[in-house]
$ cat coords_0.tsv   # TSV, C-alpha atoms
chain	number	residue	atom	x	y	z
Y	972	MET	CA	-40.58	31.22	-30.78
Y	973	THR	CA	-41.05	33.45	-33.77
Y	974	PHE	CA	-38.28	33.73	-36.35
Y	975	THR	CA	-37.92	36.79	-38.61
Y	976	ASN	CA	-35.25	38.19	-40.95
Y	977	TRP	CA	-34.06	34.60	-41.27
Y	978	SER	CA	-31.09	33.58	-43.43
Y	979	ASN	CA	-28.46	30.84	-43.21
Y	980	ASN	CA	-26.33	33.20	-41.09
Y	981	HIS	CA	-28.77	35.31	-39.02
Y	982	VAL	CA	-32.21	35.13	-37.42
Y	983	ASP	CA	-34.17	37.52	-35.20
Y	984	ILE	CA	-36.06	35.70	-32.44
Y	985	SER	CA	-38.92	36.48	-30.10
Y	986	GLY	CA	-40.33	33.93	-27.73
Y	987	TRP	CA	-41.66	32.97	-24.35
Y	988	VAL	CA	-41.87	30.05	-21.98
Y	989	LYS	CA	-44.32	29.56	-19.10
Y	990	ASP	CA	-44.07	27.31	-16.05
Y	991	THR	CA	-47.43	25.55	-15.65
Y	992	ALA	CA	-46.68	23.07	-12.86
Y	993	ALA	CA	-46.04	23.45	-9.14
Y	994	ASP	CA	-43.52	20.59	-9.21
Y	995	GLY	CA	-40.42	22.16	-7.66
Y	996	HIS	CA	-38.65	22.40	-11.03
Y	997	HIS	CA	-38.35	25.24	-13.53
Y	998	VAL	CA	-38.69	25.48	-17.30
Y	999	ALA	CA	-36.24	26.64	-19.94
Y	1000	ILE	CA	-36.24	27.33	-23.66
Y	1001	ARG	CA	-33.52	27.52	-26.28
Y	1002	LEU	CA	-32.81	27.79	-29.98
Y	1003	VAL	CA	-31.46	24.77	-31.83
Y	1004	SER	CA	-30.09	24.95	-35.37
Y	1005	THR	CA	-28.26	23.06	-38.08
Y	1006	ASP	CA	-27.04	23.51	-41.64
Y	1007	GLY	CA	-29.03	20.45	-42.70
Y	1008	SER	CA	-26.13	18.64	-44.34
Y	1009	SER	CA	-24.24	17.52	-41.26
Y	1010	PRO	CA	-25.38	15.68	-38.13
Y	1011	VAL	CA	-24.19	18.62	-36.02
Y	1012	GLU	CA	-26.95	20.36	-34.07
Y	1013	VAL	CA	-26.03	23.70	-32.53
Y	1014	LYS	CA	-27.50	24.02	-29.05
Y	1015	TRP	CA	-27.75	27.71	-28.18
Y	1016	PRO	CA	-27.83	28.88	-24.53
Y	1017	TRP	CA	-30.86	28.11	-22.37
Y	1018	ARG	CA	-33.18	30.86	-21.12
Y	1019	HIS	CA	-34.56	29.84	-17.72
Y	1020	GLU	CA	-37.85	30.81	-16.02
Y	1021	TYR	CA	-37.15	30.46	-12.29
Y	1022	ASP	CA	-40.17	32.22	-10.74
Y	1023	GLY	CA	-42.41	29.16	-10.43
Y	1024	ASN	CA	-45.85	27.98	-11.43
Y	1025	GLY	CA	-47.73	30.54	-13.55
Y	1026	SER	CA	-44.65	32.65	-14.33
Y	1027	LYS	CA	-43.77	33.52	-17.90
Y	1028	LEU	CA	-40.45	34.60	-19.42
Y	1029	SER	CA	-40.64	36.65	-22.64
Y	1030	PHE	CA	-37.63	37.71	-24.70
Y	1031	THR	CA	-36.33	39.07	-27.99
Y	1032	THR	CA	-32.85	38.35	-29.29
Y	1033	TYR	CA	-30.98	37.24	-32.39
Y	1034	ALA	CA	-28.55	34.52	-33.43
Y	1035	SER	CA	-25.70	34.89	-35.92
Y	1036	ASP	CA	-23.36	32.25	-37.32
Y	1037	SER	CA	-20.86	32.65	-40.16
Y	1038	ASN	CA	-20.89	28.91	-41.03
Y	1039	GLY	CA	-24.49	28.65	-42.27
Y	1040	MET	CA	-25.65	26.77	-39.18
Y	1041	LEU	CA	-28.94	28.69	-39.12
Y	1042	ARG	CA	-30.35	27.13	-42.29
Y	1043	PHE	CA	-32.76	25.11	-40.14
Y	1044	VAL	CA	-33.89	26.47	-36.78
Y	1045	GLY	CA	-36.10	25.16	-34.03
Y	1046	VAL	CA	-37.02	25.46	-30.39
Y	1047	ARG	CA	-36.37	23.13	-27.46
Y	1048	VAL	CA	-38.33	23.46	-24.20
Y	1049	ALA	CA	-37.50	21.47	-21.06
Y	1050	VAL	CA	-38.30	20.91	-17.42
Y	1051	MET	CA	-35.06	21.63	-15.57
Y	1052	GLU	CA	-33.33	21.23	-12.24
Y	1053	GLY	CA	-30.38	23.60	-12.33
Y	1054	ASP	CA	-28.81	23.04	-15.76
Y	1055	THR	CA	-30.04	19.44	-16.06
Y	1056	ILE	CA	-33.14	18.25	-17.92
Y	1057	VAL	CA	-35.41	16.34	-15.51
Y	1058	ASP	CA	-36.31	12.75	-16.48
Y	1059	ASN	CA	-35.88	13.40	-20.22
Y	1060	ARG	CA	-38.80	15.88	-20.09
Y	1061	PHE	CA	-38.19	18.04	-23.16
Y	1062	CYS	CA	-39.60	18.58	-26.62
Y	1063	THR	CA	-38.17	19.99	-29.83
Y	1064	ASP	CA	-39.97	21.46	-32.83
Y	1065	TRP	CA	-38.37	22.68	-36.05
Y	1066	ALA	CA	-39.60	25.67	-38.07
$ encode --input "coords_0.tsv" --output "structure tokens"
Amino acid sequence: MTFTNWSNNHVDISGWVKDTAADGHHVAIRLVSTDGSSPVEVKWPWRHEYDGNGSKLSFTTYASDSNGMLRFVGVRVAVMEGDTIVDNRFCTDWA
């Protein structure tokens, strides 16, 4: 993901996720954020790539929050079955 026009209350986002395994599962990506002073991590909605091995989902969007929960932002990518992460197969990276 790429973050632009970033403040504590707004961020513009562009990103992509690609499925690289013919394993019968799909991949998903989402924004995660926090204000940095509380243990609360905001988990934004998943974006799913359902088209299988070799398929790529690209997107642009934004996130807004009036409580300053965008002070720190990151990305979480996971292998999914439906709305469930498969065998704890996910990674998170913070900007």
$ closest_residue --input "coords_0.tsv" --among "Y:Val1044, Y:Ile984, Y:Ile1056, Y:Met972" --to "Thr1031 of chain Y" --atoms "only C-alpha atoms"
Y:Ile984
$ closest_residue --input "coords_0.tsv" --among "Y:Val1011, Y:Val1050, Y:Val1003, Y:Ala1034" --to "Thr991 of chain Y" --atoms "only C-alpha atoms"
Y:Val1050
$ closest_residue --input "coords_0.tsv" --among "Y:Gly986, Y:Phe1043, Y:His996, Y:Thr1032" --to "Ser1008 of chain Y" --atoms "all atoms listed in the file"
Y:Phe1043
$ closest_residue --input "coords_0.tsv" --among "Y:Ala999, Y:Ala992, Y:Val982, Y:Val1048" --to "Cys1062 of chain Y" --atoms "all atoms listed in the file"
Y:Val1048
$ atom_distance --input "coords_0.tsv" --atom1 "atom CA of Lys1014 of chain Y" --atom2 "atom CA of Ala993 of chain Y"
27.2 Å
$ residues_near_point --input "coords_0.tsv" --point "(-39.3, 27.0, -32.7)" --cutoff "6 Å" --atoms "only C-alpha atoms" --output "list in words"
Met972, Gly1045, Val1046, Asp1064, Trp1065 and Ala1066 of chain Y
$ closest_residue --input "coords_0.tsv" --among "Y:Asp990, Y:Arg1060, Y:Ser978, Y:Thr973" --to "Gly1025 of chain Y" --atoms "all atoms listed in the file"
Y:Asp990
$ closest_residue --input "coords_0.tsv" --among "Y:Asn980, Y:Ser985, Y:Leu1002, Y:Asp994" --to "Met1051 of chain Y" --atoms "only C-alpha atoms"
Y:Asp994
$ atom_distance --input "coords_0.tsv" --atom1 "atom CA of Pro1016 of chain Y" --atom2 "atom CA of Arg1001 of chain Y"
6.1 Å
$ atom_distance --input "coords_0.tsv" --atom1 "atom CA of Ser1004 of chain Y" --atom2 "atom CA of Gly1023 of chain Y"
28.1 Å
$ axis_aligned_box --input "coords_0.tsv" --around "segment 1019-1034 of chain Y" --padding-each-side "3 Å" --output "JSON"
{"center_x": -38.1, "center_y": 33.5, "center_z": -21.9, "size_x": 25.2, "size_y": 17.1, "size_z": 29.0}
$ residues_around --input "coords_0.tsv" --residues "Lys1027 of chain Y" --least-positions-apart "6" --cutoff "7 Å" --atoms "only C-alpha atoms" --output "VMD selection string"
chain Y and resid 987 to 990 1020
$ write_last_selection --input "coords_0.tsv" --atoms "C-alpha atoms" --output "short mmCIF file (atom, residue, chain, number, x, y, z; two decimals), in the coordinates of the input"
data_model
loop_
_atom_site.label_atom_id
_atom_site.label_comp_id
_atom_site.auth_asym_id
_atom_site.auth_seq_id
_atom_site.Cartn_x
_atom_site.Cartn_y
_atom_site.Cartn_z
CA TRP Y 987 -41.66 32.97 -24.35
CA VAL Y 988 -41.87 30.05 -21.98
CA LYS Y 989 -44.32 29.56 -19.10
CA ASP Y 990 -44.07 27.31 -16.05
CA GLU Y 1020 -37.85 30.81 -16.02
#
$ build_atoms --input "coords_0.tsv" --residues "segment 1011-1035 of chain Y" --atoms "N, CA and C atoms" --output "PDB file, keeping the file's coordinate frame"
ATOM      1  N   VAL Y1011     -24.463  17.686 -37.119  1.00  0.00           N
ATOM      2  CA  VAL Y1011     -24.190  18.620 -36.020  1.00  0.00           C
ATOM      3  C   VAL Y1011     -25.426  19.478 -35.757  1.00  0.00           C
ATOM      4  N   GLU Y1012     -25.860  19.496 -34.510  1.00  0.00           N
ATOM      5  CA  GLU Y1012     -26.950  20.360 -34.070  1.00  0.00           C
ATOM      6  C   GLU Y1012     -26.359  21.375 -33.104  1.00  0.00           C
ATOM      7  N   VAL Y1013     -26.515  22.656 -33.421  1.00  0.00           N
ATOM      8  CA  VAL Y1013     -26.030  23.700 -32.530  1.00  0.00           C
ATOM      9  C   VAL Y1013     -27.070  23.898 -31.438  1.00  0.00           C
ATOM     10  N   LYS Y1014     -26.617  23.810 -30.198  1.00  0.00           N
ATOM     11  CA  LYS Y1014     -27.500  24.020 -29.050  1.00  0.00           C
ATOM     12  C   LYS Y1014     -27.131  25.374 -28.446  1.00  0.00           C
ATOM     13  N   TRP Y1015     -27.983  26.362 -28.669  1.00  0.00           N
ATOM     14  CA  TRP Y1015     -27.750  27.710 -28.180  1.00  0.00           C
ATOM     15  C   TRP Y1015     -28.057  27.765 -26.687  1.00  0.00           C
ATOM     16  N   PRO Y1016     -27.644  28.816 -25.990  1.00  0.00           N
ATOM     17  CA  PRO Y1016     -27.830  28.880 -24.530  1.00  0.00           C
ATOM     18  C   PRO Y1016     -29.303  28.812 -24.106  1.00  0.00           C
ATOM     19  N   TRP Y1017     -29.528  28.179 -22.965  1.00  0.00           N
ATOM     20  CA  TRP Y1017     -30.860  28.110 -22.370  1.00  0.00           C
ATOM     21  C   TRP Y1017     -31.263  29.478 -21.819  1.00  0.00           C
ATOM     22  N   ARG Y1018     -32.566  29.745 -21.844  1.00  0.00           N
ATOM     23  CA  ARG Y1018     -33.180  30.860 -21.120  1.00  0.00           C
ATOM     24  C   ARG Y1018     -34.114  30.234 -20.093  1.00  0.00           C
ATOM     25  N   HIS Y1019     -33.863  30.508 -18.817  1.00  0.00           N
ATOM     26  CA  HIS Y1019     -34.560  29.840 -17.720  1.00  0.00           C
ATOM     27  C   HIS Y1019     -35.639  30.735 -17.117  1.00  0.00           C
ATOM     28  N   GLU Y1020     -36.779  30.143 -16.779  1.00  0.00           N
ATOM     29  CA  GLU Y1020     -37.850  30.810 -16.020  1.00  0.00           C
ATOM     30  C   GLU Y1020     -37.828  30.208 -14.622  1.00  0.00           C
ATOM     31  N   TYR Y1021     -37.342  30.971 -13.644  1.00  0.00           N
ATOM     32  CA  TYR Y1021     -37.150  30.460 -12.290  1.00  0.00           C
ATOM     33  C   TYR Y1021     -38.252  30.838 -11.303  1.00  0.00           C
ATOM     34  N   ASP Y1022     -39.228  31.645 -11.709  1.00  0.00           N
ATOM     35  CA  ASP Y1022     -40.170  32.220 -10.740  1.00  0.00           C
ATOM     36  C   ASP Y1022     -41.347  31.329 -10.369  1.00  0.00           C
ATOM     37  N   GLY Y1023     -41.411  30.124 -10.887  1.00  0.00           N
ATOM     38  CA  GLY Y1023     -42.410  29.160 -10.430  1.00  0.00           C
ATOM     39  C   GLY Y1023     -43.693  29.111 -11.234  1.00  0.00           C
ATOM     40  N   ASN Y1024     -44.579  28.258 -10.771  1.00  0.00           N
ATOM     41  CA  ASN Y1024     -45.850  27.980 -11.430  1.00  0.00           C
ATOM     42  C   ASN Y1024     -46.585  29.275 -11.787  1.00  0.00           C
ATOM     43  N   GLY Y1025     -46.990  29.381 -13.061  1.00  0.00           N
ATOM     44  CA  GLY Y1025     -47.730  30.540 -13.550  1.00  0.00           C
ATOM     45  C   GLY Y1025     -46.853  31.656 -14.082  1.00  0.00           C
ATOM     46  N   SER Y1026     -45.557  31.585 -13.871  1.00  0.00           N
ATOM     47  CA  SER Y1026     -44.650  32.650 -14.330  1.00  0.00           C
ATOM     48  C   SER Y1026     -44.262  32.438 -15.789  1.00  0.00           C
ATOM     49  N   LYS Y1027     -44.076  33.556 -16.469  1.00  0.00           N
ATOM     50  CA  LYS Y1027     -43.770  33.520 -17.900  1.00  0.00           C
ATOM     51  C   LYS Y1027     -42.545  34.391 -18.181  1.00  0.00           C
ATOM     52  N   LEU Y1028     -41.634  33.868 -18.967  1.00  0.00           N
ATOM     53  CA  LEU Y1028     -40.450  34.600 -19.420  1.00  0.00           C
ATOM     54  C   LEU Y1028     -40.634  34.931 -20.897  1.00  0.00           C
ATOM     55  N   SER Y1029     -40.577  36.208 -21.248  1.00  0.00           N
ATOM     56  CA  SER Y1029     -40.640  36.650 -22.640  1.00  0.00           C
ATOM     57  C   SER Y1029     -39.313  37.291 -23.014  1.00  0.00           C
ATOM     58  N   PHE Y1030     -38.921  37.176 -24.286  1.00  0.00           N
ATOM     59  CA  PHE Y1030     -37.630  37.710 -24.700  1.00  0.00           C
ATOM     60  C   PHE Y1030     -37.601  37.992 -26.192  1.00  0.00           C
ATOM     61  N   THR Y1031     -36.684  38.857 -26.591  1.00  0.00           N
ATOM     62  CA  THR Y1031     -36.330  39.070 -27.990  1.00  0.00           C
ATOM     63  C   THR Y1031     -34.811  39.045 -28.061  1.00  0.00           C
ATOM     64  N   THR Y1032     -34.292  38.465 -29.119  1.00  0.00           N
ATOM     65  CA  THR Y1032     -32.850  38.350 -29.290  1.00  0.00           C
ATOM     66  C   THR Y1032     -32.562  38.038 -30.750  1.00  0.00           C
ATOM     67  N   TYR Y1033     -31.352  37.684 -31.049  1.00  0.00           N
ATOM     68  CA  TYR Y1033     -30.980  37.240 -32.390  1.00  0.00           C
ATOM     69  C   TYR Y1033     -29.878  36.199 -32.268  1.00  0.00           C
ATOM     70  N   ALA Y1034     -29.675  35.461 -33.345  1.00  0.00           N
ATOM     71  CA  ALA Y1034     -28.550  34.520 -33.430  1.00  0.00           C
ATOM     72  C   ALA Y1034     -27.839  34.778 -34.754  1.00  0.00           C
ATOM     73  N   SER Y1035     -26.521  34.731 -34.717  1.00  0.00           N
ATOM     74  CA  SER Y1035     -25.700  34.890 -35.920  1.00  0.00           C
ATOM     75  C   SER Y1035     -24.646  33.788 -35.950  1.00  0.00           C
TER      76      SER Y1035
END
